[in-house]
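Chemist: Data: start12.cif, mmCIF, C-alpha atoms and all ligand atoms.
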```cif
data_final
loop_
_atom_site.group_PDB
_atom_site.id
_atom_site.type_symbol
_atom_site.label_atom_id
_atom_site.label_comp_id
_atom_site.auth_asym_id
_atom_site.auth_seq_id
_atom_site.Cartn_x
_atom_site.Cartn_y
_atom_site.Cartn_z
ATOM 1 C CA MET A 1 171.155 -92.038 -112.734
ATOM 2 C CA ASP A 2 170.358 -92.599 -116.402
ATOM 3 C CA SER A 3 169.028 -89.615 -118.230
ATOM 4 C CA LEU A 4 165.453 -90.085 -119.341
ATOM 5 C CA ARG A 5 165.180 -90.402 -123.068
ATOM 6 C CA ILE A 6 162.491 -88.497 -124.861
ATOM 7 C CA PRO A 7 160.803 -90.564 -127.559
ATOM 8 C CA ILE A 8 160.956 -89.140 -131.079
ATOM 9 C CA LEU A 9 158.233 -90.333 -133.451
ATOM 10 C CA LYS A 10 158.361 -90.223 -137.215
ATOM 11 C CA ILE A 11 155.161 -89.526 -139.135
ATOM 12 C CA GLY A 12 155.677 -89.161 -142.876
ATOM 13 C CA ASP A 13 158.708 -86.954 -143.191
ATOM 14 C CA VAL A 14 158.085 -85.084 -139.957
ATOM 15 C CA LEU A 15 159.578 -85.952 -136.580
ATOM 16 C CA ILE A 16 157.519 -85.295 -133.468
ATOM 17 C CA ALA A 17 158.888 -85.151 -129.953
ATOM 18 C CA SER A 18 156.719 -84.364 -126.963
ATOM 19 C CA ILE A 19 158.519 -83.441 -123.787
ATOM 20 C CA GLN A 20 156.467 -84.802 -120.915
ATOM 21 C CA VAL A 21 158.851 -84.608 -117.969
ATOM 22 C CA ALA A 22 160.804 -81.879 -116.223
ATOM 23 C CA LEU A 23 164.083 -81.819 -118.105
ATOM 24 C CA HIS A 24 167.303 -81.771 -116.181
ATOM 25 C CA ASP A 25 170.377 -80.608 -118.027
ATOM 26 C CA ALA A 26 171.790 -84.007 -118.946
ATOM 27 C CA SER A 27 168.500 -85.301 -120.364
ATOM 28 C CA ALA A 28 168.046 -82.054 -122.299
ATOM 29 C CA VAL A 29 171.460 -82.425 -123.927
ATOM 30 C CA GLN A 30 170.722 -86.082 -124.637
ATOM 31 C CA PHE A 31 167.499 -85.013 -126.330
ATOM 32 C CA LYS A 32 169.296 -82.507 -128.545
ATOM 33 C CA ASP A 33 171.845 -85.124 -129.616
ATOM 34 C CA ASP A 34 169.161 -87.774 -130.227
ATOM 35 C CA LEU A 35 167.032 -85.370 -132.233
ATOM 36 C CA LEU A 36 169.858 -84.147 -134.467
ATOM 37 C CA GLN A 37 170.973 -87.728 -135.071
ATOM 38 C CA LYS A 38 167.425 -88.738 -135.975
ATOM 39 C CA ILE A 39 167.082 -85.765 -138.352
ATOM 40 C CA HIS A 40 170.260 -86.906 -140.051
ATOM 41 C CA ASP A 41 169.207 -90.576 -140.205
ATOM 42 C CA THR A 42 165.663 -89.974 -141.450
ATOM 43 C CA LYS A 43 166.282 -86.830 -143.532
ATOM 44 C CA ALA A 44 163.101 -85.452 -142.010
ATOM 45 C CA ARG A 45 161.874 -82.203 -143.545
ATOM 46 C CA GLY A 46 160.398 -80.913 -140.349
ATOM 47 C CA VAL A 47 160.531 -81.365 -136.598
ATOM 48 C CA ILE A 48 157.813 -80.491 -134.119
ATOM 49 C CA VAL A 49 158.788 -80.224 -130.479
ATOM 50 C CA ASP A 50 155.779 -80.100 -128.175
ATOM 51 C CA LEU A 51 156.440 -78.321 -124.891
ATOM 52 C CA THR A 52 152.921 -78.383 -123.415
ATOM 53 C CA ALA A 53 154.079 -80.188 -120.274
ATOM 54 C CA LEU A 54 157.051 -77.913 -119.561
ATOM 55 C CA ASP A 55 156.363 -75.416 -116.788
ATOM 56 C CA VAL A 56 159.855 -73.905 -116.726
ATOM 57 C CA VAL A 57 162.065 -72.960 -119.652
ATOM 58 C CA ASP A 58 165.206 -71.349 -118.291
ATOM 59 C CA SER A 59 168.219 -69.982 -120.155
ATOM 60 C CA PHE A 60 169.751 -73.443 -120.470
ATOM 61 C CA ILE A 61 166.722 -75.063 -122.104
ATOM 62 C CA GLY A 62 166.050 -71.876 -124.064
ATOM 63 C CA ARG A 63 169.496 -71.916 -125.568
ATOM 64 C CA LEU A 64 169.230 -75.622 -126.285
ATOM 65 C CA ILE A 65 166.005 -75.020 -128.220
ATOM 66 C CA ALA A 66 167.618 -72.171 -130.165
ATOM 67 C CA ASP A 67 170.600 -74.451 -130.920
ATOM 68 C CA ILE A 68 168.322 -77.254 -132.118
ATOM 69 C CA ALA A 69 166.529 -74.855 -134.460
ATOM 70 C CA ALA A 70 169.800 -73.451 -135.806
ATOM 71 C CA MET A 71 171.453 -76.844 -136.309
ATOM 72 C CA ALA A 72 168.349 -78.414 -137.842
ATOM 73 C CA GLY A 73 168.161 -75.385 -140.140
ATOM 74 C CA LEU A 74 171.678 -76.123 -141.357
ATOM 75 C CA MET A 75 170.510 -79.609 -142.280
ATOM 76 C CA GLY A 76 167.533 -78.171 -144.177
ATOM 77 C CA THR A 77 164.964 -79.132 -141.559
ATOM 78 C CA ARG A 78 162.318 -76.755 -140.168
ATOM 79 C CA VAL A 79 161.578 -76.722 -136.454
ATOM 80 C CA VAL A 80 158.240 -75.702 -134.988
ATOM 81 C CA LEU A 81 157.663 -75.462 -131.225
ATOM 82 C CA THR A 82 154.158 -76.132 -129.993
ATOM 83 C CA GLY A 83 152.266 -75.787 -126.741
ATOM 84 C CA LEU A 84 154.410 -73.181 -125.026
ATOM 85 C CA GLN A 85 152.393 -72.210 -121.913
ATOM 86 C CA PRO A 86 151.576 -68.478 -121.680
ATOM 87 C CA ALA A 87 153.409 -68.176 -118.345
ATOM 88 C CA VAL A 88 156.461 -69.820 -119.899
ATOM 89 C CA ALA A 89 156.388 -67.526 -122.943
ATOM 90 C CA ILE A 90 156.118 -64.406 -120.742
ATOM 91 C CA THR A 91 158.937 -65.582 -118.492
ATOM 92 C CA LEU A 92 161.216 -66.336 -121.446
ATOM 93 C CA VAL A 93 160.840 -62.798 -122.774
ATOM 94 C CA GLU A 94 161.371 -61.230 -119.344
ATOM 95 C CA LEU A 95 164.408 -63.393 -118.805
ATOM 96 C CA GLY A 96 165.776 -61.894 -122.004
ATOM 97 C CA LEU A 97 165.341 -64.802 -124.368
ATOM 98 C CA GLU A 98 163.037 -64.238 -127.272
ATOM 99 C CA LEU A 99 163.910 -67.116 -129.584
ATOM 100 C CA PRO A 100 163.458 -64.845 -132.623
ATOM 101 C CA ARG A 101 164.227 -67.449 -135.258
ATOM 102 C CA VAL A 102 162.114 -70.219 -133.789
ATOM 103 C CA LEU A 103 158.669 -70.860 -135.257
ATOM 104 C CA THR A 104 155.852 -71.564 -132.832
ATOM 105 C CA ALA A 105 152.283 -72.799 -133.011
ATOM 106 C CA LEU A 106 149.568 -72.996 -130.380
ATOM 107 C CA ASN A 107 149.250 -76.766 -130.287
ATOM 108 C CA LEU A 108 150.371 -79.938 -132.008
ATOM 109 C CA GLU A 109 147.526 -79.865 -134.521
ATOM 110 C CA LYS A 110 148.301 -76.286 -135.599
ATOM 111 C CA GLY A 111 151.992 -77.153 -135.606
ATOM 112 C CA LEU A 112 151.383 -79.992 -138.046
ATOM 113 C CA ALA A 113 149.333 -77.715 -140.301
ATOM 114 C CA MET A 114 152.094 -75.099 -140.200
ATOM 115 C CA MET A 115 154.696 -77.715 -141.043
ATOM 116 C CA GLN A 116 152.573 -78.885 -143.959
ATOM 117 C CA SER A 117 152.354 -75.424 -145.473
ATOM 118 C CA LEU A 118 156.031 -74.720 -144.819
ATOM 119 C CA THR A 119 157.237 -77.808 -146.602
ATOM 120 C CA GLU A 120 154.842 -77.222 -149.500
ATOM 121 C CA GLU A 121 155.871 -73.576 -149.745
ATOM 122 C CA SER A 122 159.529 -74.438 -150.017
ATOM 123 C CA GLY A 123 158.598 -76.448 -153.082
ATOM 124 C CA ASP A 124 159.953 -79.836 -152.066
ATOM 125 C CA ASP A 125 157.612 -82.356 -153.671
ATOM 126 C CA ALA A 126 157.496 -85.766 -152.129
ATOM 127 C CA SER A 127 159.706 -88.088 -154.122
ATOM 128 C CA MET B 128 154.111 -68.458 -91.401
ATOM 129 C CA THR B 129 155.158 -71.671 -92.992
ATOM 130 C CA GLN B 130 158.563 -73.121 -92.249
ATOM 131 C CA ALA B 131 161.562 -72.472 -94.464
ATOM 132 C CA LYS B 132 162.498 -75.317 -96.788
ATOM 133 C CA ALA B 133 165.933 -75.967 -98.185
ATOM 134 C CA ALA B 134 167.420 -77.785 -101.153
ATOM 135 C CA VAL B 135 171.043 -78.835 -101.440
ATOM 136 C CA ILE B 136 172.583 -78.296 -104.875
ATOM 137 C CA ARG B 137 175.117 -80.923 -105.893
ATOM 138 C CA SER B 138 174.031 -82.066 -109.340
ATOM 139 C CA ASP B 139 171.887 -80.986 -112.256
ATOM 140 C CA LEU B 140 169.027 -83.050 -110.799
ATOM 141 C CA ASP B 141 169.047 -80.789 -107.748
ATOM 142 C CA ILE B 142 168.369 -77.802 -110.023
ATOM 143 C CA VAL B 143 165.005 -79.375 -110.905
ATOM 144 C CA ILE B 144 164.345 -80.163 -107.221
ATOM 145 C CA ALA B 145 165.109 -76.578 -106.134
ATOM 146 C CA ARG B 146 162.918 -74.942 -108.766
ATOM 147 C CA THR B 147 160.065 -77.360 -108.018
ATOM 148 C CA LEU B 148 160.354 -76.488 -104.316
ATOM 149 C CA ALA B 149 160.220 -72.783 -105.177
ATOM 150 C CA ARG B 150 157.224 -73.228 -107.460
ATOM 151 C CA ASP B 151 155.298 -75.344 -104.941
ATOM 152 C CA THR B 152 155.989 -72.822 -102.179
ATOM 153 C CA ALA B 153 154.951 -69.915 -104.422
ATOM 154 C CA LYS B 154 151.755 -71.736 -105.309
ATOM 155 C CA ALA B 155 150.982 -72.455 -101.648
ATOM 156 C CA LEU B 156 151.513 -68.759 -100.879
ATOM 157 C CA GLY B 157 148.909 -67.779 -103.458
ATOM 158 C CA PHE B 158 151.099 -66.589 -106.341
ATOM 159 C CA GLY B 159 149.476 -66.848 -109.762
ATOM 160 C CA ALA B 160 150.691 -69.029 -112.631
ATOM 161 C CA ILE B 161 152.887 -66.369 -114.228
ATOM 162 C CA ASP B 162 154.606 -65.437 -110.966
ATOM 163 C CA GLN B 163 155.103 -69.137 -110.210
ATOM 164 C CA ALA B 164 156.893 -69.501 -113.548
ATOM 165 C CA ARG B 165 158.976 -66.361 -112.895
ATOM 166 C CA ILE B 166 160.033 -67.573 -109.456
ATOM 167 C CA ALA B 167 160.784 -71.127 -110.605
ATOM 168 C CA THR B 168 162.810 -69.828 -113.560
ATOM 169 C CA ALA B 169 164.858 -67.443 -111.388
ATOM 170 C CA VAL B 170 165.630 -70.291 -108.978
ATOM 171 C CA SER B 171 166.594 -72.527 -111.892
ATOM 172 C CA GLU B 172 169.148 -69.905 -113.025
ATOM 173 C CA LEU B 173 170.583 -69.377 -109.546
ATOM 174 C CA ALA B 174 170.743 -73.098 -108.792
ATOM 175 C CA ARG B 175 172.550 -73.771 -112.057
ATOM 176 C CA ASN B 176 175.068 -71.044 -111.268
ATOM 177 C CA ILE B 177 175.786 -72.692 -107.896
ATOM 178 C CA PHE B 178 176.243 -76.053 -109.614
ATOM 179 C CA LEU B 179 178.431 -74.639 -112.405
ATOM 180 C CA TYR B 180 180.604 -72.139 -110.554
ATOM 181 C CA ALA B 181 180.681 -73.291 -106.921
ATOM 182 C CA GLY B 182 179.981 -77.024 -107.274
ATOM 183 C CA THR B 183 177.731 -77.185 -104.233
ATOM 184 C CA GLY B 184 175.539 -74.880 -102.191
ATOM 185 C CA ASN B 185 172.137 -74.417 -100.626
ATOM 186 C CA ILE B 186 168.887 -72.791 -101.600
ATOM 187 C CA THR B 187 166.372 -71.872 -98.912
ATOM 188 C CA VAL B 188 162.812 -70.835 -99.689
ATOM 189 C CA ARG B 189 160.585 -69.132 -97.137
ATOM 190 C CA GLU B 190 157.534 -66.960 -96.694
ATOM 191 C CA VAL B 191 158.175 -63.343 -95.712
ATOM 192 C CA GLU B 192 155.995 -60.419 -94.743
ATOM 193 C CA ARG B 193 156.702 -56.694 -94.942
ATOM 194 C CA HIS B 194 154.289 -53.868 -94.230
ATOM 195 C CA GLY B 195 151.467 -56.376 -94.247
ATOM 196 C CA ARG B 196 152.445 -57.670 -97.686
ATOM 197 C CA LYS B 197 153.265 -61.338 -98.152
ATOM 198 C CA GLY B 198 156.037 -62.615 -100.313
ATOM 199 C CA ILE B 199 158.526 -65.363 -100.982
ATOM 200 C CA GLU B 200 162.217 -65.100 -100.156
ATOM 201 C CA ILE B 201 164.892 -67.211 -101.762
ATOM 202 C CA VAL B 202 168.398 -67.389 -100.340
ATOM 203 C CA CYS B 203 171.142 -69.006 -102.423
ATOM 204 C CA GLU B 204 174.446 -69.632 -100.660
ATOM 205 C CA ASP B 205 177.679 -71.194 -101.747
ATOM 206 C CA GLN B 206 181.292 -71.310 -100.608
ATOM 207 C CA GLY B 207 182.620 -71.191 -104.134
ATOM 208 C CA PRO B 208 185.093 -68.828 -105.819
ATOM 209 C CA GLY B 209 182.962 -65.736 -105.259
ATOM 210 C CA ILE B 210 182.367 -62.884 -107.682
ATOM 211 C CA ALA B 211 185.002 -60.153 -107.973
ATOM 212 C CA ASP B 212 182.986 -57.569 -109.874
ATOM 213 C CA ILE B 213 179.263 -57.732 -109.198
ATOM 214 C CA ASP B 214 178.364 -54.906 -111.616
ATOM 215 C CA LEU B 215 180.097 -56.808 -114.383
ATOM 216 C CA VAL B 216 178.272 -60.131 -113.852
ATOM 217 C CA MET B 217 174.939 -58.283 -113.684
ATOM 218 C CA GLN B 218 175.376 -57.108 -117.276
ATOM 219 C CA ASP B 219 173.374 -58.928 -119.932
ATOM 220 C CA GLY B 220 175.675 -61.142 -121.917
ATOM 221 C CA TYR B 221 178.621 -61.352 -119.504
ATOM 222 C CA SER B 222 179.699 -64.956 -119.006
ATOM 223 C CA THR B 223 182.874 -66.763 -118.035
ATOM 224 C CA SER B 224 181.511 -70.117 -119.232
ATOM 225 C CA ARG B 225 180.409 -69.278 -122.771
ATOM 226 C CA GLY B 226 176.870 -69.149 -121.438
ATOM 227 C CA MET B 227 174.503 -66.462 -122.599
ATOM 228 C CA GLY B 228 175.233 -64.347 -119.543
ATOM 229 C CA MET B 229 171.515 -64.198 -119.003
ATOM 230 C CA GLY B 230 171.076 -65.971 -115.687
ATOM 231 C CA LEU B 231 171.812 -63.239 -113.132
ATOM 232 C CA PRO B 232 170.358 -60.215 -114.944
ATOM 233 C CA GLY B 233 167.386 -62.325 -116.062
ATOM 234 C CA ALA B 234 166.713 -63.614 -112.534
ATOM 235 C CA LYS B 235 166.852 -60.029 -111.285
ATOM 236 C CA ARG B 236 164.235 -58.972 -113.843
ATOM 237 C CA LEU B 237 161.978 -61.860 -112.828
ATOM 238 C CA MET B 238 162.095 -61.062 -109.087
ATOM 239 C CA ASP B 239 161.249 -57.840 -107.174
ATOM 240 C CA ASP B 240 164.230 -57.590 -104.808
ATOM 241 C CA PHE B 241 167.633 -58.982 -105.751
ATOM 242 C CA ASP B 242 170.845 -58.569 -103.740
ATOM 243 C CA ILE B 243 174.221 -60.207 -104.168
ATOM 244 C CA TYR B 244 176.829 -60.453 -101.420
ATOM 245 C CA SER B 245 180.071 -62.020 -102.486
ATOM 246 C CA LYS B 246 183.687 -62.204 -101.478
ATOM 247 C CA GLU B 247 186.383 -63.663 -103.673
ATOM 248 C CA ASN B 248 187.506 -67.124 -102.545
ATOM 249 C CA GLU B 249 184.828 -67.199 -99.851
ATOM 250 C CA GLY B 250 181.567 -67.554 -101.656
ATOM 251 C CA THR B 251 178.390 -65.921 -102.794
ATOM 252 C CA THR B 252 175.011 -65.275 -101.214
ATOM 253 C CA ILE B 253 172.087 -64.080 -103.293
ATOM 254 C CA ILE B 254 168.865 -63.022 -101.600
ATOM 255 C CA CYS B 255 165.842 -62.369 -103.743
ATOM 256 C CA ARG B 256 162.178 -61.792 -103.068
ATOM 257 C CA LYS B 257 158.920 -61.551 -104.914
ATOM 258 C CA TRP B 258 155.906 -59.834 -103.383
ATOM 259 C CA ARG B 259 152.345 -60.928 -103.893
ATOM 260 C CA SER B 260 150.230 -58.378 -105.666
HETATM 261 N N1 LIG C 1 177.481 -68.536 -107.550
HETATM 262 C C1 LIG C 1 178.477 -68.022 -108.309
HETATM 263 N N2 LIG C 1 179.784 -68.106 -107.907
HETATM 264 C C2 LIG C 1 180.782 -67.578 -108.675
HETATM 265 N N3 LIG C 1 180.593 -66.959 -109.855
HETATM 266 C C3 LIG C 1 179.335 -66.838 -110.308
HETATM 267 C C4 LIG C 1 178.208 -67.365 -109.583
HETATM 268 N N4 LIG C 1 177.088 -67.095 -110.280
HETATM 269 C C5 LIG C 1 177.477 -66.447 -111.399
HETATM 270 N N5 LIG C 1 178.817 -66.294 -111.433
HETATM 271 C C6 LIG C 1 179.614 -65.600 -112.478
HETATM 272 O O1 LIG C 1 178.764 -64.650 -113.110
HETATM 273 C C7 LIG C 1 178.747 -64.860 -114.528
HETATM 274 C C8 LIG C 1 177.385 -64.490 -115.073
HETATM 275 O O2 LIG C 1 176.394 -65.394 -114.591
HETATM 276 P P1 LIG C 1 175.042 -65.582 -115.416
HETATM 277 O O3 LIG C 1 174.222 -66.612 -114.737
HETATM 278 O O4 LIG C 1 174.435 -64.233 -115.619
HETATM 279 O O5 LIG C 1 175.536 -66.078 -116.839
HETATM 280 P P2 LIG C 1 176.152 -67.500 -117.240
HETATM 281 O O6 LIG C 1 175.914 -68.489 -116.143
HETATM 282 O O7 LIG C 1 177.566 -67.300 -117.632
HETATM 283 O O8 LIG C 1 175.315 -67.880 -118.531
HETATM 284 P P3 LIG C 1 173.737 -68.351 -118.546
HETATM 285 O O9 LIG C 1 173.242 -68.266 -117.130
HETATM 286 O O10 LIG C 1 173.059 -67.368 -119.449
HETATM 287 O O11 LIG C 1 173.756 -69.722 -119.090
HETATM 288 C C9 LIG C 1 179.127 -66.327 -114.705
HETATM 289 O O12 LIG C 1 179.691 -66.561 -115.973
HETATM 290 C C10 LIG C 1 180.128 -66.528 -113.555
HETATM 291 O O13 LIG C 1 181.411 -66.068 -113.948
HETATM 292 MG MG MG C 2 174.010 -68.736 -115.262
#
```
Once you've parsed the file, please lay out its structure as structure tokens.

Modeler:
Amino acid sequence: MDSLRIPILKIGDVLIASIQVALHDASAVQFKDDLLQKIHDTKARGVIVDLTALDVVDSFIGRLIADIAAMAGLMGTRVVLTGLQPAVAITLVELGLELPRVLTALNLEKGLAMMQSLTEESGDDAS
Amino acid sequence: MTQAKAAVIRSDLDIVIARTLARDTAKALGFGAIDQARIATAVSELARNIFLYAGTGNITVREVERHGRKGIEIVCEDQGPGIADIDLVMQDGYSTSRGMGMGLPGAKRLMDDFDIYSKENEGTTIICRKWRS
């Protein structure tokens, strides 16, 4: 079976990916690879990953998200997670995963606003 | 009592099937959203361990009752390599696969009862339960 590809949209210099299906491991890894490649190709300043539709984030997906944030960070790109369901956030902490270095926002709109202020703050003017 | 339902674990797709089965059963038994997420996440961890370390196995989900309290019981069985030192694998951070070593101790924290029976070269059975409040 082919792994489902998650579409990654580019708006200005921000990439937005919204995960709308239950991720199995292969499609999650595919998503990480696609996203990092797209960050490299577009030189995006920020990435927003919307997780509103995810009802389970286990250690595998949790680590993948932490890896994405760390690797994007190395390329100078900020990552903001949006839409984490309360039950998912509670479960992640109880599981033992707190994603300390990952920025989060309540929803896509707030995530975009956060990204805006982050990229302004860091003083990169649009060229 | 509803009938037990089982999922066979052979691929990473079956991990999603098993956790969805657990969540749907938990929901039908009246567990709230947070407990549903806890139960589904624990099953996701245990199913992935079967897939990674034993290759194949089974997960059975059923309703249980004790002292008038209802709950969900999840039995994970495999005939894989088994676990030599159970105390060791229950420690946060212990992994033989460069994982985070979070799956077993994390699943235990998410459930109420959690027991491992394992024999080297014969396999592993994990029985866990969550009780409805
Ligand atoms: N069903 C099993 N059969 C044999 N060994 C197992 C089984 N489940 C777990 N183990 C062993 O226990 C160790 C700890 O498992 P645990 O799920 O806690 O962490 P992990 O799978 O290594 O990493 P993570 O789950 O955080 O990605 C594994 O590395 C493996 O050696
Ligand atoms: Mg594991």

Chemist: Name the residues, by chain letter and number, that sit within 7 Å of ligand MG 2 (chain C) using all atoms listed in the file, and give them as a PyMOL selection string.

Modeler: chain B and resi 172-173+175-176+226+228-231

Chemist: Create the file for the chosen residues now, containing C-alpha atoms and written as a PDB file, keeping the file's coordinate frame.

Modeler:
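For reference, again.pdb as written:
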```pdb
ATOM      1  CA  GLU B 172     169.148 -69.905-113.025  1.00  0.00           C
ATOM      2  CA  LEU B 173     170.583 -69.377-109.546  1.00  0.00           C
ATOM      3  CA  ARG B 175     172.550 -73.771-112.057  1.00  0.00           C
ATOM      4  CA  ASN B 176     175.068 -71.044-111.268  1.00  0.00           C
ATOM      5  CA  GLY B 226     176.870 -69.149-121.438  1.00  0.00           C
ATOM      6  CA  GLY B 228     175.233 -64.347-119.543  1.00  0.00           C
ATOM      7  CA  MET B 229     171.515 -64.198-119.003  1.00  0.00           C
ATOM      8  CA  GLY B 230     171.076 -65.971-115.687  1.00  0.00           C
ATOM      9  CA  LEU B 231     171.812 -63.239-113.132  1.00  0.00           C
TER      10      LEU B 231
END
```

Chemist: For chain B, work out the contacting residues on chain A at 8 Å, counting only C-alpha atoms, and write them as a list in words.

Modeler: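 Matching residues, ligands excluded from the count: Ala22, Leu23, His24, Asp25, Ala26, Asp55, Val56, Val57, Asp58, Ser59, Arg63, Pro86, Ala87, Val88, Ile90, Thr91, Glu94, Leu95 and Gly96 of chain A.
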
Chemist: Selection in question (the file shown): the PyMOL selection byres (((chain A and resi 67-80) around 8) and not hetatm). Which residues does it include, as a VMD selection string?

Modeler: chain A and resid 32 36 39 to 40 44 to 49 63 to 66 81 to 82 101 to 105 111 115

Chemist: Go through B:Arg196, B:Arg189, B:Lys132, B:Lys246 and flag the residue nearest ligand LIG 1 (chain C), using only C-alpha atoms and all ligand atoms for the distances.

Modeler: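 Closest to ligand LIG 1 (chain C), using only C-alpha atoms and all ligand atoms: B:Lys246.
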
Chemist: For a test of reading the model, state the distance in Å between CA of Ile243 in chain B and CA of Ala211 in chain B, rounded to one decimal.

Modeler: 11.4 Å

Chemist: Go through B:Asp242, B:Arg137, B:Leu179, B:Cys255 one by one, measure the shortest atom-to-atom distance of each to ligand LIG 1 (chain C) using all atoms listed in the file, and give the residue with the smallest value.

Modeler: B:Leu179

Chemist: Could you check the closest approach to ligand LIG 1 (chain C) for each of A:Ala113, A:Thr119, A:Gly12, A:Ile61 and tell me which residue wins, using all atoms listed in the file?

Modeler: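 Counting all atoms listed in the file, the residue closest to ligand LIG 1 (chain C) is A:Ile61.
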
Chemist: Go ahead and fit an axis-aligned box to every listed atom of ligand LIG 1 (chain C) plus 5 Å each side, and pass me the centre and edge lengths in Å, one decimal, as JSON.

Modeler:
```
{"center_x": 177.2, "center_y": -67.0, "center_z": -113.5, "size_x": 18.4, "size_y": 15.5, "size_z": 21.9}
```

Chemist: When you count all atoms listed in the file, which of these residues is closest to ligand LIG 1 (chain C): A:Leu51, A:Leu35, A:Ile19, A:Leu97?

Modeler: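 That would be A:Leu97, the residue with the smallest distance to ligand LIG 1 (chain C).
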
Chemist: Output the residue selection produced by the PyMOL selection byres (((chain A and resi 5-10) around 9) and not hetatm) on the file above, formatted as a list in words.

Modeler: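 Going through the file, the PyMOL selection byres (((chain A and resi 5-10) around 9) and not hetatm) ends up selecting Asp2, Ser3, Leu4, Ile11, Gly12, Asp13, Val14, Leu15, Ile16, Ala17, Ser18, Ile19, Gln20, Val21, Ser27, Ala28, Gln30, Phe31, Asp34, Leu35, Lys38, Thr42 and Ala44 of chain A.
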
Chemist: Generate the coordinates of N, CA, C and O atoms for range 92-105 of chain A; report them as a CSV table (one decimal), in the coordinates of the input.

Modeler:
```
chain,number,residue,atom,x,y,z
A,92,LEU,N,160.1,-66.3,-120.5
A,92,LEU,CA,161.2,-66.3,-121.4
A,92,LEU,C,161.6,-64.9,-121.9
A,92,LEU,O,162.8,-64.6,-122.0
A,93,VAL,N,160.6,-64.2,-122.3
A,93,VAL,CA,160.8,-62.8,-122.8
A,93,VAL,C,161.4,-61.9,-121.7
A,93,VAL,O,162.4,-61.2,-121.9
A,94,GLU,N,160.9,-62.0,-120.5
A,94,GLU,CA,161.4,-61.2,-119.3
A,94,GLU,C,162.8,-61.6,-119.0
A,94,GLU,O,163.6,-60.8,-118.6
A,95,LEU,N,163.1,-62.9,-119.1
A,95,LEU,CA,164.4,-63.4,-118.8
A,95,LEU,C,165.4,-62.8,-119.8
A,95,LEU,O,166.6,-62.6,-119.5
A,96,GLY,N,164.9,-62.5,-121.0
A,96,GLY,CA,165.8,-61.9,-122.0
A,96,GLY,C,166.0,-62.8,-123.2
A,96,GLY,O,166.8,-62.5,-124.1
A,97,LEU,N,165.2,-63.8,-123.3
A,97,LEU,CA,165.3,-64.8,-124.4
A,97,LEU,C,164.1,-64.7,-125.2
A,97,LEU,O,163.0,-65.1,-124.8
A,98,GLU,N,164.3,-64.3,-126.5
A,98,GLU,CA,163.0,-64.2,-127.3
A,98,GLU,C,162.9,-65.3,-128.4
A,98,GLU,O,161.9,-65.3,-129.1
A,99,LEU,N,163.9,-66.1,-128.6
A,99,LEU,CA,163.9,-67.1,-129.6
A,99,LEU,C,163.4,-66.6,-130.9
A,99,LEU,O,162.4,-67.1,-131.5
A,100,PRO,N,164.0,-65.5,-131.4
A,100,PRO,CA,163.5,-64.8,-132.6
A,100,PRO,C,163.4,-65.7,-133.9
A,100,PRO,O,162.5,-65.5,-134.7
A,101,ARG,N,164.3,-66.7,-134.0
A,101,ARG,CA,164.2,-67.4,-135.3
A,101,ARG,C,163.5,-68.8,-135.1
A,101,ARG,O,163.6,-69.6,-136.0
A,102,VAL,N,162.8,-69.0,-134.0
A,102,VAL,CA,162.1,-70.2,-133.8
A,102,VAL,C,160.6,-70.0,-134.1
A,102,VAL,O,160.0,-69.1,-133.6
A,103,LEU,N,160.1,-70.9,-134.9
A,103,LEU,CA,158.7,-70.9,-135.3
A,103,LEU,C,157.9,-71.5,-134.2
A,103,LEU,O,158.3,-72.5,-133.6
A,104,THR,N,156.7,-71.0,-133.9
A,104,THR,CA,155.9,-71.6,-132.8
A,104,THR,C,154.4,-71.7,-133.3
A,104,THR,O,154.0,-70.9,-134.2
A,105,ALA,N,153.7,-72.6,-132.7
A,105,ALA,CA,152.3,-72.8,-133.0
A,105,ALA,C,151.6,-73.2,-131.7
A,105,ALA,O,152.2,-73.7,-130.8
```
